[in-house]
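Trainee: Take a look at the following structure, please.
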Amino acid sequence: MSSTEELEKKFLEFDSLMKTCLPKVDTSLILDILHRMAEDKNPMYTLEIFLDKKPDIEELRNRISNDLEVMPAFYDGGTHVVIAHRIDLKMLEYFSSDENVHRIRGTFTGHGQGASIGPVFERDDPEETWADYDKVHSQTLAT
């Protein structure tokens, strides 16, 4: 087997492992974090967590605040959670293991000097957002 064939084989194995270990995390985010971890064990990111169902926002805010000591921001009726934090693979695993999490994306924000840049990504799943749901149902209730 040539070295390029070996490289391709190892990459396919690695890609499969990323999808198995962290199935809800964008692979581009995993790759970016791994590259940055070579220089900084916990690089600073703004993580965006998209949820399948509207959560109990206070319960989720308290859980994230207590477990990670960071205050999350909520968008799209609570189904889009944004946090700025130093990230490692264990933290991605923490969020990915939650059954209500649909997808995790993120943006590098600097070497610990930057604050959250706020949400960058929008929902790209086919489900309606809770903001849409609340808007439609509030109009129905008003009539």
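Order determines the names: the first chain of the structure tokens is A, the second B, and so forth; residues in each chain are numbered 1 upward, and ligands are numbered 1 upward as they are shown.
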Please return, as a compact mmCIF listing (two decimals) with N, CA and C atoms, in the first residue's frame, all residues of stretch 40-88 of chain A that DSSP assigns to strand (DSSP E or B) on the basis of the backbone.

Mentor:
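And here's states-v5.txt as it stands now:
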```txt
# COMPACT_ATOMS: atom_id res chain seq x y z
N MET A 44 -10.29 28.88 23.20
CA MET A 44 -11.54 29.62 23.47
C MET A 44 -12.44 29.60 22.23
N TYR A 45 -13.69 29.16 22.45
CA TYR A 45 -14.67 29.07 21.36
C TYR A 45 -16.01 29.63 21.81
N THR A 46 -16.78 30.06 20.85
CA THR A 46 -18.20 30.29 21.07
C THR A 46 -18.89 29.06 20.52
N LEU A 47 -19.53 28.28 21.41
CA LEU A 47 -20.24 27.08 21.00
C LEU A 47 -21.71 27.41 20.78
N GLU A 48 -22.27 26.83 19.74
CA GLU A 48 -23.69 26.98 19.46
C GLU A 48 -24.31 25.60 19.46
N ILE A 49 -25.28 25.42 20.35
CA ILE A 49 -25.91 24.12 20.55
C ILE A 49 -27.37 24.24 20.13
N PHE A 50 -27.75 23.45 19.14
CA PHE A 50 -29.11 23.47 18.63
C PHE A 50 -29.87 22.29 19.23
N LEU A 51 -31.03 22.56 19.80
CA LEU A 51 -31.82 21.55 20.49
C LEU A 51 -33.01 21.11 19.64
N ALA A 73 -26.48 31.91 26.69
CA ALA A 73 -27.49 32.79 26.10
C ALA A 73 -28.42 31.91 25.28
N PHE A 74 -29.68 32.30 25.21
CA PHE A 74 -30.69 31.49 24.51
C PHE A 74 -31.32 32.29 23.37
N TYR A 75 -31.51 31.62 22.24
CA TYR A 75 -32.12 32.22 21.06
C TYR A 75 -33.15 31.24 20.50
N HIS A 80 -31.72 27.32 20.74
CA HIS A 80 -30.39 27.66 20.24
C HIS A 80 -29.62 28.26 21.42
N VAL A 81 -28.68 27.48 21.96
CA VAL A 81 -27.92 27.87 23.14
C VAL A 81 -26.53 28.29 22.72
N VAL A 82 -26.06 29.42 23.24
CA VAL A 82 -24.73 29.93 22.88
C VAL A 82 -23.93 30.15 24.15
N ILE A 83 -22.71 29.60 24.17
CA ILE A 83 -21.81 29.82 25.30
C ILE A 83 -20.41 30.13 24.77
N ALA A 84 -19.70 30.94 25.52
CA ALA A 84 -18.29 31.21 25.23
C ALA A 84 -17.49 30.55 26.34
N HIS A 85 -16.55 29.70 25.94
CA HIS A 85 -15.82 28.95 26.96
C HIS A 85 -14.56 28.35 26.35
N ARG A 86 -13.62 28.02 27.21
CA ARG A 86 -12.47 27.23 26.76
C ARG A 86 -12.97 25.81 26.54
```

Trainee: Have a look at A:Leu89, A:Ile64, A:Leu31, A:Ile57 and name the one nearest to A:Asp76; count only C-alpha atoms.

Mentor: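 Closest candidate: A:Ile57.
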
Trainee: Check the DSSP output for the backbone and give back, as a PyMOL selection string, the residues of stretch 60-107 of chain A in alpha helix (DSSP H).

Mentor: chain A and resi 60-68+89-96

Trainee: Enter the distance from atom CA of A:Leu92 to atom CA of A:Ile30, in Å, rounded to one decimal.

Mentor: 8.8 Å

Trainee: Could you name the residues that touch A:Asp88 at 9 Å or less, counting only C-alpha atoms, but leaving out those on the same chain fewer than 5 positions away, as a VMD selection string?

Mentor: chain A and resid 33 to 34 37 41 to 43 93

Trainee: Could you work out how far atom CA of A:His35 lies from atom CA of A:Val101, giving the answer in Å with one decimal?

Mentor: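 So the answer is 24.7 Å.
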